[in-house]
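K.L.:
My structure is stored as entry-v9.csv, with CSV, C-alpha atoms.
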chain,number,residue,atom,x,y,z
A,245,MET,CA,14.6,44.3,62.6
A,246,PRO,CA,15.2,44.4,58.9
A,247,ILE,CA,12.2,45.2,56.8
A,248,VAL,CA,11.0,42.1,55.1
A,249,LYS,CA,11.0,42.9,51.4
A,250,PRO,CA,8.5,41.0,49.2
A,251,LYS,CA,10.6,38.7,47.1
A,252,ARG,CA,11.0,39.9,43.6
A,253,SER,CA,11.3,37.2,41.0
A,254,ARG,CA,10.0,36.7,37.6
A,255,PRO,CA,7.0,34.3,37.3
A,256,THR,CA,8.3,30.9,37.1
A,257,THR,CA,6.7,27.7,35.8
A,258,ASP,CA,7.6,24.3,37.0
A,259,MET,CA,8.6,22.5,33.9
A,260,THR,CA,9.0,19.1,35.5
A,261,ALA,CA,5.6,17.9,34.7
A,262,MET,CA,5.7,19.1,31.2
A,263,CYS,CA,9.0,17.5,30.7
A,264,ASP,CA,7.8,14.2,32.1
A,265,MET,CA,4.9,14.2,29.7
A,266,ALA,CA,7.1,15.1,26.7
A,267,PHE,CA,9.4,12.3,27.4
A,268,MET,CA,6.6,9.8,28.0
A,269,LEU,CA,5.1,10.7,24.6
A,270,LEU,CA,8.6,10.5,23.1
A,271,SER,CA,9.2,7.0,24.4
A,272,PHE,CA,5.7,6.0,23.1
A,273,PHE,CA,6.5,7.2,19.6
A,274,ILE,CA,10.0,5.7,19.6
A,275,MET,CA,8.6,2.3,20.6
A,276,THR,CA,5.7,2.3,18.1
A,277,ALA,CA,7.7,3.9,15.3
A,278,GLN,CA,7.9,2.3,11.9
A,279,PHE,CA,9.8,4.4,9.5
A,280,LYS,CA,8.5,5.5,6.2
A,281,GLN,CA,10.5,3.9,3.5
A,282,ASN,CA,11.6,6.2,0.8
A,283,ASP,CA,9.9,4.4,-2.1
A,284,ALA,CA,10.8,4.9,-5.7
A,285,ALA,CA,7.3,6.2,-6.5
A,286,SER,CA,4.6,7.7,-4.5
A,287,ILE,CA,1.4,5.6,-4.7
A,288,GLU,CA,-2.0,6.5,-3.4
A,289,THR,CA,-3.8,3.2,-2.8
A,290,PRO,CA,-7.6,2.8,-3.1
A,291,THR,CA,-9.5,2.0,0.0
A,292,SER,CA,-11.3,-1.2,1.0
A,293,ILE,CA,-13.3,-2.4,4.0
A,294,SER,CA,-11.0,-5.4,4.3
A,295,GLY,CA,-9.3,-5.5,7.8
A,296,ILE,CA,-6.4,-7.9,7.0
A,297,LYS,CA,-3.1,-6.4,8.0
A,298,VAL,CA,-0.2,-6.5,5.6
A,299,PRO,CA,2.6,-8.7,7.1
A,300,ASP,CA,5.9,-7.0,7.9
A,301,THR,CA,8.2,-9.8,7.0
A,302,ASP,CA,8.7,-12.1,4.1
A,303,ILE,CA,6.8,-9.8,1.7
A,304,MET,CA,7.4,-8.9,-1.9
A,305,THR,CA,5.7,-5.7,-3.0
A,306,ILE,CA,4.9,-5.0,-6.6
A,307,SER,CA,3.9,-1.4,-7.0
A,308,LEU,CA,2.1,0.2,-9.9
A,309,ASP,CA,2.2,3.9,-10.1
A,310,LYS,CA,-0.3,6.1,-11.9
A,311,ALA,CA,1.5,6.1,-15.2
A,312,GLY,CA,1.5,2.3,-15.1
A,313,LYS,CA,5.2,1.9,-14.2
A,314,VAL,CA,6.0,-1.1,-12.2
A,315,PHE,CA,8.3,-1.2,-9.2
A,316,PHE,CA,9.5,-4.2,-7.3
A,317,GLY,CA,11.0,-4.8,-3.9
A,318,ILE,CA,11.4,-7.4,-1.2
A,319,ASP,CA,11.8,-6.7,2.5
A,320,ASN,CA,14.9,-8.6,3.6
A,321,GLN,CA,18.3,-7.2,2.8
A,322,GLU,CA,20.1,-10.5,2.7
A,323,HIS,CA,17.5,-11.9,0.4
A,324,ARG,CA,17.9,-8.9,-1.9
A,325,VAL,CA,21.5,-9.8,-2.4
A,326,ALA,CA,20.7,-13.4,-3.0
A,327,MET,CA,18.0,-12.3,-5.5
A,328,LEU,CA,20.5,-10.1,-7.3
A,329,ASP,CA,22.9,-13.0,-7.6
A,330,ASN,CA,20.2,-15.1,-9.1
A,331,ILE,CA,19.2,-12.4,-11.6
A,332,GLY,CA,22.9,-12.0,-12.5
A,333,GLU,CA,23.0,-15.7,-13.5
A,334,VAL,CA,19.9,-15.3,-15.6
A,335,TYR,CA,21.1,-12.3,-17.6
A,336,GLY,CA,24.8,-13.3,-17.5
A,337,MET,CA,26.0,-10.4,-15.3
A,338,THR,CA,28.2,-10.2,-12.2
A,339,PHE,CA,27.8,-7.6,-9.5
A,340,SER,CA,30.6,-6.3,-7.3
A,341,ASP,CA,30.3,-6.2,-3.5
A,342,ARG,CA,29.8,-2.5,-3.7
A,343,GLU,CA,26.9,-2.9,-6.1
A,344,LYS,CA,25.4,-5.6,-4.0
A,345,LYS,CA,25.6,-3.3,-1.0
A,346,ALA,CA,23.9,-0.5,-2.8
A,347,PHE,CA,21.2,-2.9,-4.1
A,348,SER,CA,20.5,-4.2,-0.6
A,349,LEU,CA,19.6,-0.7,0.6
A,350,MET,CA,16.9,-0.2,-2.0
A,351,PRO,CA,13.4,-1.0,-0.7
A,352,ASN,CA,12.1,-1.0,-4.2
A,353,PHE,CA,13.2,-0.1,-7.6
A,354,GLY,CA,12.0,0.0,-11.2
A,355,MET,CA,15.0,-0.3,-13.5
A,356,PRO,CA,15.5,-2.5,-16.5
A,357,VAL,CA,18.3,-5.0,-15.9
A,358,ASN,CA,20.6,-3.4,-18.5
A,359,GLN,CA,20.5,-0.1,-16.7
A,360,LEU,CA,20.8,-1.5,-13.2
A,361,LYS,CA,24.6,-1.4,-13.0
A,362,SER,CA,24.8,2.2,-13.9
A,363,PHE,CA,22.0,3.0,-11.5
A,364,LEU,CA,23.7,1.2,-8.6
A,365,ALA,CA,26.9,3.2,-9.3
A,366,LEU,CA,25.1,6.5,-8.5
A,367,ARG,CA,25.2,8.0,-5.1
A,368,PRO,CA,22.1,7.6,-3.0
A,369,GLU,CA,20.9,11.2,-3.5
A,370,GLN,CA,21.4,10.9,-7.3
A,371,GLN,CA,19.4,7.7,-7.2
A,372,LYS,CA,16.7,9.5,-5.5
A,373,ALA,CA,16.6,12.3,-8.0
A,374,LEU,CA,16.6,10.0,-11.0
A,375,LYS,CA,13.1,9.2,-12.3
A,376,GLN,CA,13.1,5.4,-12.6
A,377,PRO,CA,11.6,4.1,-15.9
A,378,GLY,CA,9.9,1.2,-14.3
A,379,MET,CA,10.4,-2.5,-14.7
A,380,PRO,CA,9.7,-3.9,-18.2
A,381,VAL,CA,6.6,-6.1,-18.0
A,382,ASP,CA,4.2,-7.6,-20.5
A,383,SER,CA,2.2,-10.7,-20.7
A,384,SER,CA,4.8,-12.8,-22.5
A,385,ALA,CA,7.4,-15.2,-21.1
A,386,ASN,CA,10.3,-13.5,-22.8
A,387,PRO,CA,12.9,-12.7,-20.1
A,388,GLN,CA,13.9,-9.5,-21.9
A,389,THR,CA,10.5,-7.9,-22.3
A,390,ASN,CA,9.0,-9.4,-19.1
A,391,GLN,CA,11.7,-8.8,-16.5
A,392,LEU,CA,9.2,-8.6,-13.7
A,393,ALA,CA,8.4,-12.3,-14.0
A,394,GLN,CA,12.2,-13.1,-13.7
A,395,TRP,CA,12.5,-10.9,-10.6
A,396,ILE,CA,9.5,-12.6,-9.0
A,397,PHE,CA,10.9,-16.0,-9.8
A,398,ASN,CA,14.3,-15.2,-8.5
A,399,ALA,CA,13.0,-13.5,-5.4
A,400,ARG,CA,11.1,-16.6,-4.6
A,401,LYS,CA,14.2,-18.7,-5.2
A,402,ALA,CA,16.0,-16.5,-2.7
A,403,ASN,CA,13.2,-16.8,-0.1
A,404,ASN,CA,10.6,-19.4,-0.6
A,405,ASN,CA,8.2,-18.0,2.0
A,406,LEU,CA,7.6,-14.7,0.3
A,407,ARG,CA,4.1,-13.5,0.3
A,408,ILE,CA,3.1,-11.3,-2.6
A,409,ALA,CA,1.4,-7.9,-2.3
A,410,VAL,CA,0.4,-5.8,-5.2
A,411,LYS,CA,0.1,-2.1,-4.5
A,412,GLY,CA,-1.5,-0.1,-7.2
A,413,ASP,CA,-2.3,3.5,-7.6
A,414,ASN,CA,-5.9,4.7,-7.8
A,415,LEU,CA,-5.3,6.0,-11.3
A,416,SER,CA,-3.3,3.3,-12.9
A,417,LYS,CA,-5.1,1.7,-15.8
A,418,PHE,CA,-6.3,-1.8,-15.7
A,419,PRO,CA,-4.2,-3.2,-18.6
A,420,SER,CA,-1.0,-2.5,-16.6
A,421,PHE,CA,-2.4,-4.5,-13.7
A,422,LYS,CA,-3.3,-7.2,-16.1
A,423,ASN,CA,0.3,-7.5,-17.1
A,424,VAL,CA,1.4,-7.9,-13.5
A,425,LEU,CA,-1.4,-10.4,-13.0
A,426,SER,CA,-0.4,-12.5,-15.9
A,427,SER,CA,3.3,-12.5,-14.8
A,428,LEU,CA,2.1,-13.9,-11.5
A,429,GLN,CA,-0.3,-16.4,-13.0
A,430,SER,CA,2.2,-17.7,-15.4
A,431,GLN,CA,4.2,-18.8,-12.4
A,432,ASN,CA,1.2,-20.5,-10.8
A,433,ILE,CA,0.8,-17.8,-8.2
A,434,ASN,CA,-2.9,-17.6,-7.8
A,435,LYS,CA,-3.2,-16.0,-4.4
A,436,PHE,CA,-1.9,-12.7,-3.4
A,437,ASN,CA,-2.8,-9.5,-1.5
A,438,LEU,CA,-3.8,-6.2,-2.8
A,439,ILE,CA,-2.6,-3.4,-0.5
A,440,THR,CA,-5.4,-0.9,0.2
A,441,GLY,CA,-6.1,1.8,2.7
A,442,SER,CA,-8.7,1.1,5.3
A,443,GLU,CA,-12.2,2.4,5.0
A,444,ALA,CA,-15.2,2.0,7.4
A,445,PRO,CA,-17.7,-0.5,6.2
A,446,PRO,CA,-21.3,0.8,5.6
A,447,ALA,CA,-23.5,1.0,8.6
A,448,GLY,CA,-25.0,-2.3,9.7
A,449,TRP,CA,-22.4,-4.4,7.9
A,450,THR,CA,-21.1,-7.3,9.8
A,451,ASN,CA,-18.4,-9.7,8.9
A,452,ASP,CA,-19.4,-13.3,8.9
B,1008,MET,CA,10.6,31.6,32.3
B,1009,ALA,CA,11.9,29.1,34.7
B,1010,GLU,CA,14.8,30.7,36.5
B,1011,ILE,CA,17.2,29.7,39.2
B,1012,ASP,CA,15.3,30.3,42.3
B,1013,SER,CA,17.2,32.0,45.1
B,1014,GLY,CA,14.7,31.0,47.8
B,1015,GLY,CA,16.7,28.2,49.3
B,1016,GLY,CA,18.6,28.4,52.5
B,1017,GLY,CA,16.6,31.1,54.2
B,1018,GLY,CA,16.1,31.5,57.9
B,1019,LYS,CA,19.6,31.0,59.0
B,1020,HIS,CA,20.5,34.7,59.5
B,1021,LYS,CA,21.9,35.3,62.9
B,1022,GLY,CA,21.2,38.9,63.0
B,1023,GLY,CA,23.6,41.7,62.5
B,1024,GLY,CA,22.7,41.9,58.8
B,1025,LYS,CA,25.7,40.0,57.8
B,1026,VAL,CA,25.8,39.5,54.1
B,1027,ARG,CA,26.2,35.9,53.2
B,1028,GLY,CA,26.9,34.4,49.8
B,1029,LYS,CA,23.8,33.2,48.1
B,1030,LYS,CA,23.4,29.5,48.4
B,1031,ALA,CA,23.0,27.9,45.0
B,1032,SER,CA,19.7,26.3,44.4
B,1033,THR,CA,19.3,22.7,43.4
B,1034,ARG,CA,16.6,23.6,40.9
B,1035,VAL,CA,17.4,23.0,37.3
B,1036,ASP,CA,16.0,24.9,34.4
B,1037,MET,CA,13.9,22.4,32.5
B,1038,THR,CA,13.1,24.6,29.5
B,1039,PRO,CA,15.7,23.4,27.1
B,1040,MET,CA,15.0,19.8,28.0
B,1041,VAL,CA,11.3,20.3,27.3
B,1042,ASP,CA,12.2,21.9,24.0
B,1043,LEU,CA,14.3,19.0,23.0
B,1044,GLY,CA,11.6,16.6,24.1
B,1045,PHE,CA,9.0,18.2,22.0
B,1046,LEU,CA,11.3,18.5,19.0
B,1047,LEU,CA,12.0,14.7,19.1
B,1048,ILE,CA,8.3,14.0,19.5
B,1049,THR,CA,7.6,16.1,16.4
B,1050,PHE,CA,10.3,14.2,14.5
B,1051,PHE,CA,8.9,10.8,15.4
B,1052,ILE,CA,5.3,11.8,14.6
B,1053,LEU,CA,6.3,13.0,11.2
B,1054,ALA,CA,8.6,10.0,10.5
B,1055,THR,CA,6.2,7.3,11.3
B,1056,THR,CA,3.5,5.8,9.2
B,1057,LEU,CA,0.4,5.8,11.4
B,1058,ASN,CA,-2.4,4.0,9.7
B,1059,LYS,CA,-1.0,0.8,8.6
B,1060,PRO,CA,-2.3,-0.3,5.2
B,1061,THR,CA,-4.7,-3.2,5.0
B,1062,SER,CA,-4.9,-5.7,2.3
B,1063,MET,CA,-7.5,-7.7,0.5
B,1064,THR,CA,-6.7,-11.2,-0.7
B,1065,LEU,CA,-7.4,-12.0,-4.3
B,1066,ASN,CA,-7.6,-15.5,-5.6
B,1067,VAL,CA,-7.5,-16.0,-9.3
B,1068,PRO,CA,-8.2,-19.3,-11.0
B,1069,ASP,CA,-5.3,-21.5,-12.0
B,1070,LYS,CA,-4.4,-21.0,-15.6
B,1071,THR,CA,-2.3,-24.1,-16.0
B,1072,GLU,CA,-4.8,-26.4,-14.5
B,1073,LYS,CA,-6.7,-28.4,-17.1
B,1074,GLN,CA,-10.1,-26.9,-17.5
B,1075,GLU,CA,-12.7,-29.4,-16.4
B,1076,GLU,CA,-15.8,-29.6,-18.5
B,1077,THR,CA,-18.4,-28.0,-16.4
B,1078,GLU,CA,-21.9,-27.0,-17.3
B,1079,PRO,CA,-22.0,-23.4,-18.3
B,1080,ILE,CA,-23.8,-21.1,-15.9
B,1081,LYS,CA,-27.2,-20.0,-17.0
B,1082,ALA,CA,-27.2,-16.5,-18.2
B,1083,SER,CA,-30.4,-15.8,-16.1
B,1084,LYS,CA,-28.3,-16.1,-13.0
B,1085,VAL,CA,-25.4,-14.0,-14.1
B,1086,MET,CA,-24.8,-10.3,-13.6
B,1087,THR,CA,-22.0,-9.2,-15.9
B,1088,VAL,CA,-20.4,-6.0,-14.7
B,1089,PHE,CA,-18.3,-3.9,-17.1
B,1090,LEU,CA,-16.0,-1.3,-15.6
B,1091,GLY,CA,-15.9,1.6,-18.0
B,1092,GLN,CA,-14.2,4.9,-18.2
B,1093,ASN,CA,-14.8,7.8,-15.8
B,1094,ASN,CA,-15.7,5.5,-13.0
B,1095,GLU,CA,-18.9,4.3,-14.6
B,1096,VAL,CA,-20.2,0.8,-14.2
B,1097,HIS,CA,-22.3,-0.9,-16.9
B,1098,TYR,CA,-24.1,-4.1,-16.2
B,1099,ILE,CA,-26.3,-6.6,-17.9
B,1100,PHE,CA,-28.4,-9.0,-15.9
B,1101,GLY,CA,-30.3,-12.1,-16.9
B,1102,LYS,CA,-29.4,-12.3,-20.5
B,1103,ALA,CA,-26.3,-13.1,-22.4
B,1104,ALA,CA,-24.6,-10.4,-24.4
B,1105,ASN,CA,-25.9,-11.6,-27.7
B,1106,GLU,CA,-29.6,-11.7,-26.6
B,1107,ASN,CA,-30.0,-7.9,-26.8
B,1108,PRO,CA,-29.9,-7.3,-23.0
B,1109,ASP,CA,-30.6,-4.0,-21.3
B,1110,LEU,CA,-27.3,-2.3,-20.5
B,1111,LYS,CA,-27.6,-0.2,-17.5
B,1112,THR,CA,-25.2,2.3,-16.2
B,1113,VAL,CA,-24.6,3.1,-12.5
B,1114,ARG,CA,-22.0,4.9,-10.5
B,1115,PHE,CA,-19.9,3.4,-7.7
B,1116,GLY,CA,-21.3,3.6,-4.2
B,1117,GLN,CA,-24.8,3.2,-3.2
B,1118,GLU,CA,-26.2,3.0,-6.7
B,1119,LEU,CA,-24.1,0.0,-7.6
B,1120,ARG,CA,-24.7,-1.7,-4.2
B,1121,ASP,CA,-28.4,-1.4,-4.7
B,1122,ALA,CA,-28.2,-2.8,-8.2
B,1123,ILE,CA,-26.3,-5.8,-6.9
B,1124,GLN,CA,-28.6,-6.4,-4.0
B,1125,THR,CA,-31.7,-6.2,-6.2
B,1126,ASN,CA,-30.4,-8.6,-8.7
B,1127,LYS,CA,-29.1,-10.9,-6.0
B,1128,SER,CA,-32.5,-11.1,-4.3
B,1129,LYS,CA,-34.1,-12.0,-7.6
B,1130,VAL,CA,-31.8,-15.0,-8.1
B,1131,GLY,CA,-30.9,-16.2,-4.6
B,1132,ALA,CA,-28.0,-18.4,-3.7
B,1133,ASP,CA,-26.9,-19.2,-7.2
B,1134,PHE,CA,-26.2,-15.6,-8.0
B,1135,VAL,CA,-22.9,-15.1,-9.9
B,1136,VAL,CA,-21.2,-11.8,-10.8
B,1137,VAL,CA,-18.7,-11.7,-13.6
B,1138,ILE,CA,-16.5,-8.7,-13.4
B,1139,LYS,CA,-15.0,-7.5,-16.7
B,1140,PRO,CA,-12.8,-4.5,-16.4
B,1141,THR,CA,-12.3,-2.8,-19.8
B,1142,THR,CA,-9.0,-1.3,-20.8
B,1143,LYS,CA,-10.3,2.2,-19.9
B,1144,SER,CA,-11.0,1.3,-16.3
B,1145,THR,CA,-8.6,2.0,-13.5
B,1146,TYR,CA,-7.1,-0.2,-10.8
B,1147,ARG,CA,-9.2,1.7,-8.3
B,1148,ASN,CA,-12.4,0.6,-10.1
B,1149,MET,CA,-11.3,-3.0,-9.8
B,1150,VAL,CA,-10.6,-2.7,-6.1
B,1151,ASP,CA,-13.9,-0.9,-5.5
B,1152,ILE,CA,-15.9,-3.6,-7.2
B,1153,LEU,CA,-14.1,-6.4,-5.3
B,1154,ASP,CA,-14.8,-4.5,-2.2
B,1155,GLU,CA,-18.4,-4.2,-3.2
B,1156,MET,CA,-18.5,-8.0,-3.5
B,1157,ALA,CA,-17.3,-8.2,0.1
B,1158,ILE,CA,-19.9,-5.7,1.2
B,1159,THR,CA,-22.8,-7.3,-0.5
B,1160,LYS,CA,-21.5,-10.7,0.6
B,1161,THR,CA,-21.5,-12.1,-2.9
B,1162,LYS,CA,-19.5,-15.3,-2.7
B,1163,ARG,CA,-19.5,-16.3,-6.3
B,1164,TYR,CA,-17.8,-13.8,-8.5
B,1165,ALA,CA,-15.1,-14.0,-11.2
B,1166,LEU,CA,-12.7,-11.5,-12.5
B,1167,VAL,CA,-12.3,-11.9,-16.2
B,1168,ASP,CA,-10.0,-9.7,-18.2
B,1169,GLN,CA,-11.1,-10.6,-21.7
B,1170,LEU,CA,-14.3,-9.3,-23.3
B,1171,THR,CA,-16.0,-11.6,-25.7
B,1172,PRO,CA,-16.7,-10.2,-29.2
B,1173,ASP,CA,-20.4,-10.1,-28.4
B,1174,GLU,CA,-19.8,-8.0,-25.3
B,1175,ASN,CA,-17.5,-5.6,-27.2
B,1176,LYS,CA,-20.2,-5.1,-29.8
B,1177,LEU,CA,-22.8,-4.6,-27.1
B,1178,ILE,CA,-20.7,-1.9,-25.4
B,1179,ALA,CA,-19.8,-0.2,-28.7
B,1180,ASP,CA,-23.5,-0.2,-29.8
B,1181,LYS,CA,-25.1,1.0,-26.6
B,1182,LEU,CA,-22.5,3.4,-25.4
B,1183,LYS,CA,-21.7,6.1,-27.9
Can you give me the file's structure in the form of structure tokens?

P.N.:
Amino acid sequence: MPIVKPKRSRPTTDMTAMCDMAFMLLSFFIMTAQFKQNDAASIETPTSISGIKVPDTDIMTISLDKAGKVFFGIDNQEHRVAMLDNIGEVYGMTFSDREKKAFSLMPNFGMPVNQLKSFLALRPEQQKALKQPGMPVDSSANPQTNQLAQWIFNARKANNNLRIAVKGDNLSKFPSFKNVLSSLQSQNINKFNLITGSEAPPAGWTND
Amino acid sequence: MAEIDSGGGGGKHKGGGKVRGKKASTRVDMTPMVDLGFLLITFFILATTLNKPTSMTLNVPDKTEKQEETEPIKASKVMTVFLGQNNEVHYIFGKAANENPDLKTVRFGQELRDAIQTNKSKVGADFVVVIKPTTKSTYRNMVDILDEMAITKTKRYALVDQLTPDENKLIADKLK
């Protein structure tokens, strides 16, 4: 009879269960994923107790960063191109297919129209590195000094169902918001959303 | 670590100590797969935006619409809130700006909420708040005060971006 030797093996762990769990979590995150968009400016929004969710589609976002610079963007890529065509008509410019393609990939931007062409010619990483000067906006109706109003008008021409969201930074001053407000009001847009973070209402508060 | 286990295929020795080739196990080393799984999880966690932003709706009066002649609201029912610098809130209540009202200063939060609630209970259903952000206030102040309107359930409020000369004088006089 051969002597039965105790089997020597290194301690092993059964990884199957761990693997199962990892992939289950993975599939959960893939399914619920909504990617961060690389926005032109980082904006820290104030918080509110409002529980209304921001819609995902048909939305125009006007962002205000802390220095008061204004950025503009719409969600749909096809509408972005249509909007650019409309803007080209207003300012007497034509855009090549390449520029249109580059423009359709920008979730938001803050460039004056006269610098837009040179900006679109840059490579994506150069675009990212460039500090955008912000969209010219004031309370007048002049298409040169208040370009935001033109973009809003032409975006709505491209997609009539656009809802409007204003996303302001905590530290942006009120006068810059006032300019955005007057650009909207001058086009008879009197209802819009302010994007905020969520915050718990005070204890005992009920919505009625 | 998980290793290929050589335990399979035992019990078939027919004596004689004949050395047989080790039978390959069907076990697979899962370690790299788990590594990859967790790596992808980490990526997706970092790449997603978790708390979706909420939004508050803001309705502003129609500027183009012809202003109907309405009876002016009595100053005794109006609380005028000025948003000043450094997150300070100044308010007058019960008197118009040219009647030498008492300009009080509060901070955002409970102090402001209490002030609104007190004044509201003095007036009742006709209570009106006029919000006047000054040029020194921030966007956050405006959102906070609108939020305060929602919390105190004040239904009648107006956001006015222009200060009257009387109000400018009042603020200049009382706030040094």

K.L.:
Which residues are close to Met268 (chain A), i.e. within 12 Å by only C-alpha atoms, leaving aside same-chain residues fewer than 3 positions away? Reply as a PDB file with C-alpha atoms, in the coordinates of the input.

P.N.:
ATOM      1  CA  ALA A 261       5.600  17.900  34.700  1.00  0.00           C
ATOM      2  CA  MET A 262       5.700  19.100  31.200  1.00  0.00           C
ATOM      3  CA  CYS A 263       9.000  17.500  30.700  1.00  0.00           C
ATOM      4  CA  ASP A 264       7.800  14.200  32.100  1.00  0.00           C
ATOM      5  CA  MET A 265       4.900  14.200  29.700  1.00  0.00           C
ATOM      6  CA  SER A 271       9.200   7.000  24.400  1.00  0.00           C
ATOM      7  CA  PHE A 272       5.700   6.000  23.100  1.00  0.00           C
ATOM      8  CA  PHE A 273       6.500   7.200  19.600  1.00  0.00           C
ATOM      9  CA  ILE A 274      10.000   5.700  19.600  1.00  0.00           C
ATOM     10  CA  MET A 275       8.600   2.300  20.600  1.00  0.00           C
TER      11      MET A 275
ATOM     12  CA  VAL B1041      11.300  20.300  27.300  1.00  0.00           C
ATOM     13  CA  GLY B1044      11.600  16.600  24.100  1.00  0.00           C
ATOM     14  CA  PHE B1045       9.000  18.200  22.000  1.00  0.00           C
ATOM     15  CA  LEU B1047      12.000  14.700  19.100  1.00  0.00           C
ATOM     16  CA  ILE B1048       8.300  14.000  19.500  1.00  0.00           C
TER      17      ILE B1048
END

K.L.:
Within 7 Å of (-24.3, -18.7, -10.7) in the file's own coordinates, which protein, DNA or RNA residues have an atom, counting all atoms listed in the file? List them as a list in words.

P.N.:
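Protein and nucleic acid residues near the point are Ile1080, Lys1084, Val1085, Asp1133, Phe1134, Val1135 and Arg1163 of chain B.
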
K.L.:
Choose the residue, out of B:Thr1064, B:Thr1142, B:Gln1124, B:Gln1117, that has the smallest atom-to-atom separation from Asn1175 (chain B); count all atoms listed in the file.

P.N.:
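Checking each candidate against Asn1175 (chain B), we get B:Thr1142 as the closest.
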
K.L.:
Of the candidates B:Gly1116, B:Pro1039, B:Pro1060, B:Gly1028, which one gets nearest to Gly441 (chain A) if we count all atoms listed in the file?

P.N.:
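Under the stated criterion, the closest residue is B:Pro1060.
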
K.L.:
Check every residue of chain A for an atom within 8 Å of chain B, counting all atoms listed in the file, and provide those that qualify as a ChimeraX atom specification.

P.N.:
/A:246,254-260,262-263,266-267,269-270,273-274,277-280,289-298,412-419,421-422,429-430,432,434-442,445-446,449

K.L.:
Selection from above, C-alpha atoms, as a short mmCIF file (atom, residue, chain, number, x, y, z; two decimals), in the coordinates of the input, can you write it?

P.N.:
data_model
loop_
_atom_site.label_atom_id
_atom_site.label_comp_id
_atom_site.auth_asym_id
_atom_site.auth_seq_id
_atom_site.Cartn_x
_atom_site.Cartn_y
_atom_site.Cartn_z
CA PRO A 246 15.20 44.40 58.90
CA ARG A 254 10.00 36.70 37.60
CA PRO A 255 7.00 34.30 37.30
CA THR A 256 8.30 30.90 37.10
CA THR A 257 6.70 27.70 35.80
CA ASP A 258 7.60 24.30 37.00
CA MET A 259 8.60 22.50 33.90
CA THR A 260 9.00 19.10 35.50
CA MET A 262 5.70 19.10 31.20
CA CYS A 263 9.00 17.50 30.70
CA ALA A 266 7.10 15.10 26.70
CA PHE A 267 9.40 12.30 27.40
CA LEU A 269 5.10 10.70 24.60
CA LEU A 270 8.60 10.50 23.10
CA PHE A 273 6.50 7.20 19.60
CA ILE A 274 10.00 5.70 19.60
CA ALA A 277 7.70 3.90 15.30
CA GLN A 278 7.90 2.30 11.90
CA PHE A 279 9.80 4.40 9.50
CA LYS A 280 8.50 5.50 6.20
CA THR A 289 -3.80 3.20 -2.80
CA PRO A 290 -7.60 2.80 -3.10
CA THR A 291 -9.50 2.00 0.00
CA SER A 292 -11.30 -1.20 1.00
CA ILE A 293 -13.30 -2.40 4.00
CA SER A 294 -11.00 -5.40 4.30
CA GLY A 295 -9.30 -5.50 7.80
CA ILE A 296 -6.40 -7.90 7.00
CA LYS A 297 -3.10 -6.40 8.00
CA VAL A 298 -0.20 -6.50 5.60
CA GLY A 412 -1.50 -0.10 -7.20
CA ASP A 413 -2.30 3.50 -7.60
CA ASN A 414 -5.90 4.70 -7.80
CA LEU A 415 -5.30 6.00 -11.30
CA SER A 416 -3.30 3.30 -12.90
CA LYS A 417 -5.10 1.70 -15.80
CA PHE A 418 -6.30 -1.80 -15.70
CA PRO A 419 -4.20 -3.20 -18.60
CA PHE A 421 -2.40 -4.50 -13.70
CA LYS A 422 -3.30 -7.20 -16.10
CA GLN A 429 -0.30 -16.40 -13.00
CA SER A 430 2.20 -17.70 -15.40
CA ASN A 432 1.20 -20.50 -10.80
CA ASN A 434 -2.90 -17.60 -7.80
CA LYS A 435 -3.20 -16.00 -4.40
CA PHE A 436 -1.90 -12.70 -3.40
CA ASN A 437 -2.80 -9.50 -1.50
CA LEU A 438 -3.80 -6.20 -2.80
CA ILE A 439 -2.60 -3.40 -0.50
CA THR A 440 -5.40 -0.90 0.20
CA GLY A 441 -6.10 1.80 2.70
CA SER A 442 -8.70 1.10 5.30
CA PRO A 445 -17.70 -0.50 6.20
CA PRO A 446 -21.30 0.80 5.60
CA TRP A 449 -22.40 -4.40 7.90
#

K.L.:
Using only C-alpha atoms, which protein or nucleic acid residues come within 10 Å of Ser427 (chain A)? Drop anything in the same chain fewer than 4 positions from it, and give the result as a list of chain:residue names.

P.N.:
A:Val381, A:Asp382, A:Ser383, A:Ser384, A:Ala385, A:Asn390, A:Gln391, A:Leu392, A:Ala393, A:Gln394, A:Ile396, A:Phe397, A:Phe421, A:Lys422, A:Asn423, A:Gln431, A:Asn432, A:Ile433

K.L.:
Return the single residue from A:Asp309, A:Asp341, A:Glu443, A:Asp319 that is closest to Pro377 (chain A), with distances computed using all atoms listed in the file.

P.N.:
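Ranked by minimum distance to Pro377 (chain A), first place goes to A:Asp309.
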
K.L.:
Which of these residues is nearest to Ile303 (chain A), using all atoms listed in the file: A:Val424, A:Val248, A:Ala444, A:Ala409?

P.N.:
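Going through A:Val424, A:Val248, A:Ala444, A:Ala409 one by one, the smallest distance to Ile303 (chain A) is for A:Ala409.
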